[in-house]
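Worksheet for the structure shown next.
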Amino acid sequence: MTGGPRRTRWPLAATALTALLLWLVGYPLLITLIEALRSPSGGFSLETFSTFAQRGEEWLALWRSLWLSLASVVAAAVLGVPLAFLFARRDFPGRRLLTALLTLPVSLPPLVGVLAFLFLYGESGLITRLVGGFLGMSEAPWRLQGWPAILLVHAYSMYVYFFLFARAALLATDPSQREAAASLGAGRWRILREVTLPALRPALLGAGLLTFLTSMASFSAPYLFGGSFRVMTTQIVASKLNGNLRLAMVESVALAAVAFFALVVSRRWGGGSVVAVSHGVAAYTAPPLTGFGRWVVPAMAWGFAFVLLLPHAVLIVLSLVPTATWTVELFPPVLDLSNYRTFFTDARRLAPVVSSAWMATLASAAALVLGFLAANLGRRQRGRWRGLLEGMVVLPWAIPGTVFAVALAVTFSVDQPWAGRFLLIGTTWILPLAYLLRTLPLTGRAAIAGLAQLDPAQEEAAAALGAGRWRSLWRVTLPQVRPALAAGLALAFITSLGDFVTSIILYTYENRPIAIEIYSNLRLQEIGLAAVYGVLLMLLSTVVLFTWGEGRKAGAI
Amino acid sequence: MTDLLTIDSIDKSFGAHRVLEQVSLRVPEGEVLALLGPSGSGKTTLLRLLAGFERADGGRIEIAGEDVTSLAPAKRGVGMVFQHYALFPHLDVGKNVAFGLSSLGFCGDQIAARVAEVLALVDLVGFERRAVGELSGGQQQRVAVARALAPRPRLLLLDEPLSNLDPMLRERTRRALRTLVREVGITTVLVTHEQQEAFDLGDRIALLYEGRLQQVGPPDLLYEKPVNRFVATFVGRPNFLRGEWVATEDGEGVRLTRFEGAPVWPGERNGPALDLVGGAELMLRPEALQFVSAGDPLAVAGRVVERAYGGGISHFRVSLPERDGEAVEVEVLDRSSVAAEGDAVFVAPQLQGPRGRIWGTRTGASE
Ligand SMILES: Nc1ncnc2c1ncn2[C@@H]1O[C@H](COP(=O)(O)OP(=O)(O)O)[C@@H](O)[C@H]1O
Ligand SMILES: [Mg+2]
């Protein structure tokens, strides 16, 4: 490796960008902390904190968030890691197609996934009816409620992290290492324990952290399935909707602190991460399955893929069921396009789609620009500047969306331009801003990962050939990081498009986004229309993710 | 000496692709055998069969008289050094080297002592606690060798052990490796695609091409008495001259042009029964040719088209008008410039030293 890229002699741009990011990302959190420490009369006080500390339900919610997240990590790992071994180490018919199918749960926005689970396994869900009918029961054989339901949804959507991370790590390790161990007398278990698992450690830690943070921040599943089982995110929203903003602030501080603590702990653990010794890696062709396994394993994998795709299928089916036509039958008696007709002919129905589309476009484009600029300027700066720039970009990754929503609600509820605070609550602009904050780490991390793979000598070569800064950026840098940026942009776009967690706190009726519309349709028992919106989100997300998101293994998720 | 390794009629295919065909080989105790061949000839596959990472389709492998053909790698007592070393990146040097010792039931002190002993052998005294990622390529290679040697294997397998080093280091490491292997006295099979490496390290050389063993023997045998065109080309530089085979009073030779009085250059067949139908081919090394005067009975006229001075030895390309301008390579001691480009010269074979080889034009191309 040659030395890092040239350092800029002109840190003004970096200074301005850092200031902007600090204002965007750090400032609302700081304001929230300060406001939480103020008494209603104005002075400094720990009053709200002590209220928080004295209420058993707050501790209970925090504890539930914590153990549910740990349980989600375990469940996702138990599902994802063995699959990663199977798909990285063995060959069987349909392996490539199945690999793509197995990652489909990521493309379902959280609320849509929850919706689909409701349609499948809820009290009058399709599978529930089928099983109940098969067993001859008059009531539903189970209830999709409480922590088991939340855990099920988490495992479904987050096992993908373990599957993708572990599979990539397995494919990247040199198969000769295992052979070396074998010829040194090690048996299967010793090789797994002492050679394979250590090589997987960084990937497992990464997937574990991602799953943990995503679960801590998870809102849709606890909100719809939790009932009286409150976790921290639903607790915050309840406080906020009850008008107790001050308590919501303290709760947000507590949740953010736990998430941040998890991030720090895992960084500490992962500290001794292994630097690969690379002299190239021996080519490895996965041996085909033999004997009995040759039929059983693919059959099970296809069966698993089928179960994974049921949510997608049921959304489509339910979107074809006209309102109030499906009552006690096992299968819906009528299927037609009436919901779609309603949807397309009523301008009010289309309004949320338009809102979501422009807000997601604006937010993800801004996130892309900011993320790229921060990553590109950051890598030319010295340690502390760089840490600050990249830190501000990545920080929102560890902070749950609910916390950011509360922070924005607090910060932008007053008009104090001299303090950098504007009245945005109740306006159209608060949601795009929230989306921007939520998606900044997605584009930023993608840009950092993409730029890290760039050989700095190329830019020097361009400079030596007389290319100026912009030309070099345009002709040399951007084309090479484009796949990574496209992947980051795709994720940012679908995250904004399907956002529920920040929207429910910040939306105004005029620009209510799709997820809010789904939720209100659900409450109005307009199941078919909710499903139509769900199908729309699912299609858009899948298409965007699989056309732009090719390079998403490059570290964007 | 008894054979430590016996390979008997090994066949191996990957799908429809036959990678090894009827390979048989014996390696006596203590010998270093260099398995030489171009890329893709099946060298690594053969080595992996010996280590037990692949199963042969047919044939038999014995190590020290024991049939290991279908024995698991862990039970073979074979040490292997991989082309990319395959060190365990999460373990330090000492733990890498100790890896094979704990399976043997060594206890803590014995392990430490043995690790120190083999590290000393590869000239890495005191490197136990170093991370493998911090080491240079040459040091990593030596750790890989130490790790393979630590459990005192019966057989050492090295897959292109020098190919990942830069040229300067390669030379030095090669010498160190030779000393080490001789010192330990371990039976070794070493894979390489470089003739120089094979000559330098191997007691004997087994030349593999397209999955078949072409010739096995000490380096000078392969150089001086190659059995076919392929061996002659892969080991050293050859001149091939087609002509008519004739018996002479002191043996045999090849007449270089069609007319009766043309010179017959002497040569030798490896086996008397070689099929010469369709014409014979004479193989001569460049240094087996010399410049002579016009009166020499074996002289063939030529013109120097290229001269490369190599410090003491010069290399000439000479085109032969009587053979339609076909060119031969001549290498001679060149103190006071023997000939210059454009000069008319006469070329003839040296009569002392090894004779040229003769084979049929059809059989000579690798069978
Ligand atoms: N696991 C494998 N599957 C399929 N083909 C293989 C495999 N290993 C080697 N081959 C093929 O066998 C041939 C010989 O390979 P190899 O033994 O690696 O040659 P060498 O080491 O002499 O370069 C090559 O054509 C290679 O493509
Ligand atoms: Mg090879």
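By order in the structure tokens, chains are A, B, ...; within a chain, residues start at 1; ligands start at 1, following the order shown.
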Worksheet item: What lies within 9 Å of Leu537 in chain A using only C-alpha atoms, ignoring chain neighbours under 6 positions off, as an MDAnalysis selection string?
Response: chainID A and resid 108:109 112 494 497:498 514:515
Fill in: Environment of ligand 1 within 6 Å, counting only C-alpha atoms and all ligand atoms, reported as a PyMOL selection string
(chain A and resi 285) or (chain B and resi 14+19+39-45)
Discussion item. Taking 4 positions as the minimum chain separation for residues in the same chain, which residues sit within 12 Å of Met232 in chain A when counting only C-alpha atoms? Answer as a ChimeraX atom specification.
Written reply: /A:57-69,215-219,222-223,226,236-239,247-259,400-403
Those selected residues, please, written with C-alpha atoms and delivered as a PDB file, in the first residue's frame.
```pdb
ATOM      1  CA  GLU A  57     -42.686   0.437  33.719  1.00  0.00           C
ATOM      2  CA  GLU A  58     -39.784   2.449  32.302  1.00  0.00           C
ATOM      3  CA  TRP A  59     -37.245  -0.022  33.619  1.00  0.00           C
ATOM      4  CA  LEU A  60     -39.410  -2.861  32.439  1.00  0.00           C
ATOM      5  CA  ALA A  61     -39.541  -1.405  28.921  1.00  0.00           C
ATOM      6  CA  LEU A  62     -35.796  -0.878  28.883  1.00  0.00           C
ATOM      7  CA  TRP A  63     -35.211  -4.397  30.101  1.00  0.00           C
ATOM      8  CA  ARG A  64     -37.589  -5.826  27.499  1.00  0.00           C
ATOM      9  CA  SER A  65     -35.872  -3.902  24.726  1.00  0.00           C
ATOM     10  CA  LEU A  66     -32.575  -5.288  25.886  1.00  0.00           C
ATOM     11  CA  TRP A  67     -33.446  -8.940  26.232  1.00  0.00           C
ATOM     12  CA  LEU A  68     -35.648  -8.956  23.161  1.00  0.00           C
ATOM     13  CA  SER A  69     -32.752  -7.564  21.144  1.00  0.00           C
ATOM     14  CA  SER A 215     -33.938  -4.654  17.210  1.00  0.00           C
ATOM     15  CA  MET A 216     -33.398  -1.931  19.790  1.00  0.00           C
ATOM     16  CA  ALA A 217     -34.718   0.559  17.239  1.00  0.00           C
ATOM     17  CA  SER A 218     -37.484  -1.698  15.990  1.00  0.00           C
ATOM     18  CA  PHE A 219     -40.843  -0.034  16.238  1.00  0.00           C
ATOM     19  CA  PRO A 222     -43.700  -3.966  18.887  1.00  0.00           C
ATOM     20  CA  TYR A 223     -46.243  -1.283  18.023  1.00  0.00           C
ATOM     21  CA  GLY A 226     -46.779  -5.729  21.422  1.00  0.00           C
ATOM     22  CA  ILE A 236     -41.391   6.754  23.865  1.00  0.00           C
ATOM     23  CA  VAL A 237     -44.104   7.097  21.249  1.00  0.00           C
ATOM     24  CA  ALA A 238     -46.797   6.522  23.853  1.00  0.00           C
ATOM     25  CA  SER A 239     -45.315   9.255  26.060  1.00  0.00           C
ATOM     26  CA  LEU A 247     -40.640  12.099  29.657  1.00  0.00           C
ATOM     27  CA  ALA A 248     -40.257  11.062  26.022  1.00  0.00           C
ATOM     28  CA  MET A 249     -36.978  12.996  25.963  1.00  0.00           C
ATOM     29  CA  VAL A 250     -35.615  11.208  29.002  1.00  0.00           C
ATOM     30  CA  GLU A 251     -36.709   7.875  27.587  1.00  0.00           C
ATOM     31  CA  SER A 252     -34.982   8.757  24.326  1.00  0.00           C
ATOM     32  CA  VAL A 253     -31.797   9.610  26.167  1.00  0.00           C
ATOM     33  CA  ALA A 254     -31.943   6.264  27.955  1.00  0.00           C
ATOM     34  CA  LEU A 255     -32.541   4.284  24.757  1.00  0.00           C
ATOM     35  CA  ALA A 256     -29.819   6.145  22.872  1.00  0.00           C
ATOM     36  CA  ALA A 257     -27.417   5.546  25.741  1.00  0.00           C
ATOM     37  CA  VAL A 258     -28.026   1.790  25.688  1.00  0.00           C
ATOM     38  CA  ALA A 259     -27.642   1.597  21.905  1.00  0.00           C
ATOM     39  CA  PRO A 400     -32.839   4.552  17.004  1.00  0.00           C
ATOM     40  CA  GLY A 401     -35.116   6.433  14.616  1.00  0.00           C
ATOM     41  CA  THR A 402     -37.600   7.101  17.395  1.00  0.00           C
ATOM     42  CA  VAL A 403     -34.912   8.970  19.320  1.00  0.00           C
TER      43      VAL A 403
END
```
Practice prompt. Please extract the residues at most 12 Å from ligand 2, counting only C-alpha atoms and all ligand atoms, and provide them as a PyMOL selection string, using the chain letters and residue numbers of this document.
Written response: (chain A and resi 282-283) or (chain B and resi 35-48+82-84+158-161+163+190-194+208)
Worksheet item: If we count only C-alpha atoms, which residues of chain B reach to within 6 Å of chain A? Please list them as a VMD selection string.
Response: chain B and resid 73 to 74 84 86 90 100 103 133
Worksheet item: Between CA of Tyr85 in chain B and CA of Ala120 in chain B, what is the spacing in Å?
Response: 18.9 Å
Neighbour list for Ala492 in chain A as a PDB file with N, CA and C atoms, in the first residue's frame, cut-off 6 Å, only C-alpha atoms, skip fewer than 3 positions in-chain:
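Contents of the output file around_18.pdb:
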```pdb
ATOM      1  N   SER A 364     -32.922  11.040   0.191  1.00  0.00           N
ATOM      2  CA  SER A 364     -31.830  10.121  -0.118  1.00  0.00           C
ATOM      3  C   SER A 364     -30.803  10.793  -1.018  1.00  0.00           C
ATOM      4  N   THR A 439     -31.004   8.165   6.959  1.00  0.00           N
ATOM      5  CA  THR A 439     -30.355   7.464   5.850  1.00  0.00           C
ATOM      6  C   THR A 439     -28.921   7.913   5.625  1.00  0.00           C
ATOM      7  N   LEU A 489     -27.464   4.486  -1.962  1.00  0.00           N
ATOM      8  CA  LEU A 489     -28.622   5.288  -2.356  1.00  0.00           C
ATOM      9  C   LEU A 489     -29.886   4.425  -2.380  1.00  0.00           C
ATOM     10  N   THR A 495     -35.494   2.897   2.546  1.00  0.00           N
ATOM     11  CA  THR A 495     -35.716   3.151   3.973  1.00  0.00           C
ATOM     12  C   THR A 495     -36.636   4.359   4.153  1.00  0.00           C
TER      13      THR A 495
END
```
Worksheet item: Skipping near chain neighbours, those fewer than 3 positions away, what residues fall within 8 Å of Leu20 in chain B using only C-alpha atoms, listed as a PyMOL selection string?
Response: chain B and resi 10-13+23+42+45-46+210-212
For the residues in that selection, give me N, CA and C atoms as a PDB file, in the first residue's frame.
```pdb
ATOM      1  N   ILE B  10      -1.923 -43.920 -10.440  1.00  0.00           N
ATOM      2  CA  ILE B  10      -2.980 -43.027  -9.966  1.00  0.00           C
ATOM      3  C   ILE B  10      -3.717 -42.389 -11.148  1.00  0.00           C
ATOM      4  N   ASP B  11      -5.052 -42.395 -11.050  1.00  0.00           N
ATOM      5  CA  ASP B  11      -5.901 -41.681 -12.005  1.00  0.00           C
ATOM      6  C   ASP B  11      -6.734 -40.677 -11.237  1.00  0.00           C
ATOM      7  N   LYS B  12      -6.941 -39.512 -11.846  1.00  0.00           N
ATOM      8  CA  LYS B  12      -7.812 -38.542 -11.192  1.00  0.00           C
ATOM      9  C   LYS B  12      -8.483 -37.665 -12.236  1.00  0.00           C
ATOM     10  N   SER B  13      -9.782 -37.558 -12.168  1.00  0.00           N
ATOM     11  CA  SER B  13     -10.531 -36.670 -13.073  1.00  0.00           C
ATOM     12  C   SER B  13     -11.384 -35.724 -12.259  1.00  0.00           C
ATOM     13  N   VAL B  23      -0.316 -42.275 -13.139  1.00  0.00           N
ATOM     14  CA  VAL B  23       0.925 -41.740 -12.589  1.00  0.00           C
ATOM     15  C   VAL B  23       1.500 -42.730 -11.573  1.00  0.00           C
ATOM     16  N   GLY B  42      -1.240 -30.576 -13.424  1.00  0.00           N
ATOM     17  CA  GLY B  42      -1.744 -31.519 -12.426  1.00  0.00           C
ATOM     18  C   GLY B  42      -0.839 -31.696 -11.218  1.00  0.00           C
ATOM     19  N   THR B  45      -2.679 -31.103  -7.929  1.00  0.00           N
ATOM     20  CA  THR B  45      -3.627 -32.195  -7.728  1.00  0.00           C
ATOM     21  C   THR B  45      -2.921 -33.432  -7.187  1.00  0.00           C
ATOM     22  N   LEU B  46      -1.762 -33.752  -7.748  1.00  0.00           N
ATOM     23  CA  LEU B  46      -1.022 -34.918  -7.270  1.00  0.00           C
ATOM     24  C   LEU B  46      -0.616 -34.724  -5.808  1.00  0.00           C
ATOM     25  N   GLU B 210       0.387 -32.512 -18.937  1.00  0.00           N
ATOM     26  CA  GLU B 210      -0.968 -32.951 -19.234  1.00  0.00           C
ATOM     27  C   GLU B 210      -1.346 -34.208 -18.478  1.00  0.00           C
ATOM     28  N   GLY B 211      -0.993 -34.211 -17.210  1.00  0.00           N
ATOM     29  CA  GLY B 211      -1.426 -35.300 -16.360  1.00  0.00           C
ATOM     30  C   GLY B 211      -0.637 -36.592 -16.480  1.00  0.00           C
ATOM     31  N   ARG B 212       0.412 -36.594 -17.310  1.00  0.00           N
ATOM     32  CA  ARG B 212       1.212 -37.808 -17.414  1.00  0.00           C
ATOM     33  C   ARG B 212       2.643 -37.517 -17.037  1.00  0.00           C
TER      34      ARG B 212
END
```
Worksheet entry | Nearest-residue call for Arg294 in chain A, choices A:Tyr435, A:Phe500, A:Phe92, A:Phe44, using only C-alpha atoms |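 That would be A:Phe92, the residue with the smallest distance to Arg294 in chain A.
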Practice prompt. List the neighbours of Val314 in chain A out to 12 Å using only C-alpha atoms; skip same-chain residues closer than 6 positions along the sequence, and give me the result as a PyMOL selection string.
Written response: chain A and resi 112-121+125-127+306-308+320-321+331-332+527-528+531-532+534-535+538
Next, write the just-selected residues to a file, as a compact mmCIF listing (two decimals), in the first residue's frame, keeping N, CA, C and O atoms as the atom set.
```
# COMPACT_ATOMS: atom_id res chain seq x y z
N VAL A 112 -44.43 -3.13 6.42
CA VAL A 112 -45.04 -4.02 5.43
C VAL A 112 -44.82 -5.46 5.84
O VAL A 112 -45.72 -6.31 5.71
N GLY A 113 -43.64 -5.76 6.38
CA GLY A 113 -43.38 -7.10 6.89
C GLY A 113 -44.36 -7.46 8.00
O GLY A 113 -44.93 -8.56 8.02
N VAL A 114 -44.55 -6.52 8.90
CA VAL A 114 -45.47 -6.76 10.01
C VAL A 114 -46.89 -6.99 9.48
O VAL A 114 -47.60 -7.90 9.91
N LEU A 115 -47.26 -6.17 8.51
CA LEU A 115 -48.57 -6.30 7.88
C LEU A 115 -48.74 -7.71 7.31
O LEU A 115 -49.76 -8.38 7.52
N ALA A 116 -47.71 -8.16 6.59
CA ALA A 116 -47.78 -9.47 5.95
C ALA A 116 -47.88 -10.57 7.01
O ALA A 116 -48.64 -11.54 6.83
N PHE A 117 -47.13 -10.43 8.09
CA PHE A 117 -47.22 -11.44 9.15
C PHE A 117 -48.61 -11.46 9.77
O PHE A 117 -49.13 -12.52 10.10
N LEU A 118 -49.19 -10.30 9.88
CA LEU A 118 -50.54 -10.21 10.40
C LEU A 118 -51.50 -10.97 9.48
O LEU A 118 -52.35 -11.73 9.93
N PHE A 119 -51.34 -10.77 8.19
CA PHE A 119 -52.22 -11.42 7.21
C PHE A 119 -52.00 -12.92 7.17
O PHE A 119 -52.88 -13.67 6.80
N LEU A 120 -50.80 -13.35 7.53
CA LEU A 120 -50.50 -14.78 7.47
C LEU A 120 -50.84 -15.48 8.77
O LEU A 120 -51.53 -16.50 8.77
N TYR A 121 -50.30 -14.94 9.86
CA TYR A 121 -50.37 -15.68 11.12
C TYR A 121 -51.23 -14.98 12.17
O TYR A 121 -51.31 -15.43 13.29
N GLY A 125 -55.55 -14.72 10.02
CA GLY A 125 -54.57 -14.86 8.95
C GLY A 125 -54.76 -16.13 8.15
O GLY A 125 -55.45 -17.06 8.58
N LEU A 126 -54.17 -16.16 7.00
CA LEU A 126 -54.35 -17.28 6.08
C LEU A 126 -53.87 -18.60 6.68
O LEU A 126 -54.59 -19.60 6.68
N ILE A 127 -52.64 -18.59 7.19
CA ILE A 127 -52.07 -19.82 7.75
C ILE A 127 -52.85 -20.21 9.01
O ILE A 127 -53.12 -21.40 9.24
N PHE A 306 -39.73 -20.88 0.36
CA PHE A 306 -41.18 -20.75 0.20
C PHE A 306 -41.79 -20.02 1.39
O PHE A 306 -42.57 -19.08 1.23
N VAL A 307 -41.38 -20.45 2.59
CA VAL A 307 -41.89 -19.80 3.80
C VAL A 307 -41.49 -18.32 3.82
O VAL A 307 -42.26 -17.45 4.20
N LEU A 308 -40.25 -18.05 3.36
CA LEU A 308 -39.78 -16.67 3.34
C LEU A 308 -40.59 -15.81 2.38
O LEU A 308 -40.74 -14.61 2.58
N LEU A 320 -56.06 -8.26 -3.39
CA LEU A 320 -57.08 -8.61 -4.39
C LEU A 320 -58.41 -8.98 -3.76
O LEU A 320 -59.36 -9.32 -4.44
N VAL A 321 -58.48 -8.91 -2.44
CA VAL A 321 -59.72 -9.26 -1.75
C VAL A 321 -60.54 -8.00 -1.51
O VAL A 321 -60.11 -7.12 -0.79
N PHE A 331 -60.36 -19.86 2.34
CA PHE A 331 -59.71 -19.03 1.34
C PHE A 331 -60.64 -17.88 0.96
O PHE A 331 -61.86 -18.04 1.03
N PRO A 332 -60.10 -16.77 0.53
CA PRO A 332 -60.96 -15.65 0.13
C PRO A 332 -61.86 -16.06 -1.03
O PRO A 332 -61.37 -16.60 -2.02
N ILE A 527 -58.52 -3.56 4.91
CA ILE A 527 -57.40 -4.47 4.75
C ILE A 527 -56.87 -4.46 3.32
O ILE A 527 -55.67 -4.40 3.06
N GLY A 528 -57.82 -4.51 2.38
CA GLY A 528 -57.43 -4.59 0.97
C GLY A 528 -56.59 -3.40 0.55
O GLY A 528 -55.56 -3.55 -0.12
N ALA A 531 -53.19 -3.50 1.95
CA ALA A 531 -52.38 -4.45 1.20
C ALA A 531 -51.90 -3.85 -0.12
O ALA A 531 -50.78 -4.10 -0.55
N VAL A 532 -52.77 -3.04 -0.76
CA VAL A 532 -52.35 -2.41 -2.02
C VAL A 532 -51.12 -1.54 -1.79
O VAL A 532 -50.12 -1.61 -2.52
N GLY A 534 -49.05 -1.86 0.62
CA GLY A 534 -47.96 -2.78 0.98
C GLY A 534 -47.32 -3.36 -0.27
O GLY A 534 -46.09 -3.41 -0.39
N VAL A 535 -48.15 -3.79 -1.22
CA VAL A 535 -47.63 -4.36 -2.47
C VAL A 535 -46.78 -3.33 -3.20
O VAL A 535 -45.69 -3.62 -3.70
N MET A 538 -43.50 -2.89 -1.46
CA MET A 538 -42.71 -4.10 -1.66
C MET A 538 -42.09 -4.13 -3.05
O MET A 538 -40.90 -4.38 -3.22
```
Discussion item. DSSP on the backbone, helix (DSSP H, G or I) only: what residues of range 409-459 of chain A does that give? Format it as an MDAnalysis selection string.
Written reply: chainID A and resid 409:411 417:419 430:452 456:459
Emit the selected residues as a compact mmCIF listing (two decimals), in the first residue's frame, including N, CA and C atoms.
```txt
# COMPACT_ATOMS: atom_id res chain seq x y z
N ALA A 409 -38.30 16.79 16.98
CA ALA A 409 -39.52 17.41 17.47
C ALA A 409 -39.19 18.46 18.53
N VAL A 410 -38.20 18.15 19.35
CA VAL A 410 -37.81 19.09 20.41
C VAL A 410 -37.08 20.29 19.82
N THR A 411 -36.11 20.01 18.97
CA THR A 411 -35.21 21.06 18.48
C THR A 411 -35.92 22.03 17.55
N PRO A 417 -33.62 31.44 15.19
CA PRO A 417 -32.60 31.32 14.14
C PRO A 417 -31.19 31.56 14.69
N TRP A 418 -31.04 32.47 15.69
CA TRP A 418 -29.72 32.74 16.25
C TRP A 418 -29.14 31.50 16.95
N ALA A 419 -30.04 30.59 17.39
CA ALA A 419 -29.55 29.38 18.06
C ALA A 419 -29.55 28.19 17.09
N ILE A 430 -40.15 18.83 7.92
CA ILE A 430 -39.58 18.08 9.03
C ILE A 430 -39.34 16.61 8.66
N LEU A 431 -40.27 16.04 7.85
CA LEU A 431 -40.08 14.62 7.51
C LEU A 431 -38.88 14.36 6.60
N PRO A 432 -38.73 15.15 5.51
CA PRO A 432 -37.53 14.93 4.70
C PRO A 432 -36.26 15.06 5.53
N LEU A 433 -36.27 15.99 6.49
CA LEU A 433 -35.09 16.15 7.34
C LEU A 433 -34.86 14.90 8.18
N ALA A 434 -35.94 14.36 8.72
CA ALA A 434 -35.82 13.14 9.52
C ALA A 434 -35.30 11.99 8.67
N TYR A 435 -35.83 11.87 7.46
CA TYR A 435 -35.38 10.79 6.57
C TYR A 435 -33.90 10.95 6.24
N LEU A 436 -33.51 12.21 6.01
CA LEU A 436 -32.11 12.47 5.71
C LEU A 436 -31.22 11.96 6.84
N LEU A 437 -31.61 12.27 8.08
CA LEU A 437 -30.80 11.83 9.21
C LEU A 437 -30.76 10.31 9.32
N ARG A 438 -31.90 9.67 9.09
CA ARG A 438 -31.95 8.22 9.21
C ARG A 438 -31.09 7.54 8.15
N THR A 439 -31.00 8.17 6.96
CA THR A 439 -30.36 7.46 5.85
C THR A 439 -28.92 7.91 5.63
N LEU A 440 -28.52 8.98 6.31
CA LEU A 440 -27.15 9.45 6.16
C LEU A 440 -26.12 8.35 6.41
N PRO A 441 -26.28 7.54 7.46
CA PRO A 441 -25.28 6.48 7.66
C PRO A 441 -25.27 5.45 6.54
N LEU A 442 -26.40 5.26 5.88
CA LEU A 442 -26.43 4.26 4.81
C LEU A 442 -25.59 4.70 3.63
N THR A 443 -25.79 5.96 3.20
CA THR A 443 -24.98 6.44 2.08
C THR A 443 -23.55 6.71 2.53
N GLY A 444 -23.40 7.22 3.76
CA GLY A 444 -22.07 7.55 4.25
C GLY A 444 -21.18 6.33 4.39
N ARG A 445 -21.75 5.26 4.97
CA ARG A 445 -20.95 4.05 5.13
C ARG A 445 -20.58 3.45 3.78
N ALA A 446 -21.55 3.51 2.86
CA ALA A 446 -21.26 2.99 1.52
C ALA A 446 -20.13 3.79 0.88
N ALA A 447 -20.17 5.13 1.03
CA ALA A 447 -19.14 5.97 0.42
C ALA A 447 -17.78 5.70 1.08
N ILE A 448 -17.78 5.56 2.41
CA ILE A 448 -16.50 5.30 3.09
C ILE A 448 -15.92 3.97 2.61
N ALA A 449 -16.79 2.94 2.55
CA ALA A 449 -16.31 1.63 2.10
C ALA A 449 -15.82 1.68 0.66
N GLY A 450 -16.57 2.37 -0.20
CA GLY A 450 -16.18 2.45 -1.61
C GLY A 450 -14.86 3.18 -1.79
N LEU A 451 -14.72 4.31 -1.08
CA LEU A 451 -13.50 5.10 -1.24
C LEU A 451 -12.29 4.38 -0.65
N ALA A 452 -12.53 3.57 0.39
CA ALA A 452 -11.40 2.88 1.02
C ALA A 452 -10.76 1.90 0.06
N PRO A 456 -5.12 5.23 -3.95
CA PRO A 456 -4.84 6.68 -4.00
C PRO A 456 -3.89 7.04 -5.14
N ALA A 457 -3.09 6.09 -5.58
CA ALA A 457 -2.15 6.37 -6.65
C ALA A 457 -2.87 6.77 -7.93
N GLN A 458 -4.11 6.28 -8.09
CA GLN A 458 -4.85 6.61 -9.31
C GLN A 458 -5.14 8.10 -9.39
N GLU A 459 -5.52 8.68 -8.24
CA GLU A 459 -5.81 10.11 -8.25
C GLU A 459 -4.53 10.90 -8.45
```
Practice prompt. Could you give me, as a ChimeraX atom specification, each residue of range 149-205 of chain B that DSSP assigns to strand (DSSP E) when run on this structure's backbone?
Written response: /B:155-159,187-192,204-205
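Of the residues listed (A:Tyr533, A:Tyr161, A:Phe229, A:Trp23), A:Trp23 shows the shortest atom-to-atom separation from Leu408 in chain A; distances use only C-alpha atoms.
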Practice prompt. Tell me, as an NGL selection string, which residues lie within 10 Å of Ala262 in chain B, counting only C-alpha atoms; anything in the same chain fewer than 4 positions away does not count.
Written response: :B and (255-258 or 297-300 or 322)
How about saving the chosen residues, C-alpha atoms kept, as a PDB file, in the first residue's frame?
```
ATOM      1  CA  ARG B 255      21.373 -36.872 -42.409  1.00  0.00           C
ATOM      2  CA  LEU B 256      20.525 -33.229 -42.553  1.00  0.00           C
ATOM      3  CA  THR B 257      19.750 -32.731 -46.251  1.00  0.00           C
ATOM      4  CA  ARG B 258      18.417 -34.961 -48.910  1.00  0.00           C
ATOM      5  CA  PRO B 297      33.406 -33.191 -42.522  1.00  0.00           C
ATOM      6  CA  LEU B 298      30.279 -32.358 -40.483  1.00  0.00           C
ATOM      7  CA  ALA B 299      30.183 -28.668 -41.389  1.00  0.00           C
ATOM      8  CA  VAL B 300      26.930 -27.076 -42.495  1.00  0.00           C
ATOM      9  CA  GLU B 322      20.835 -25.504 -47.067  1.00  0.00           C
TER      10      GLU B 322
END
```
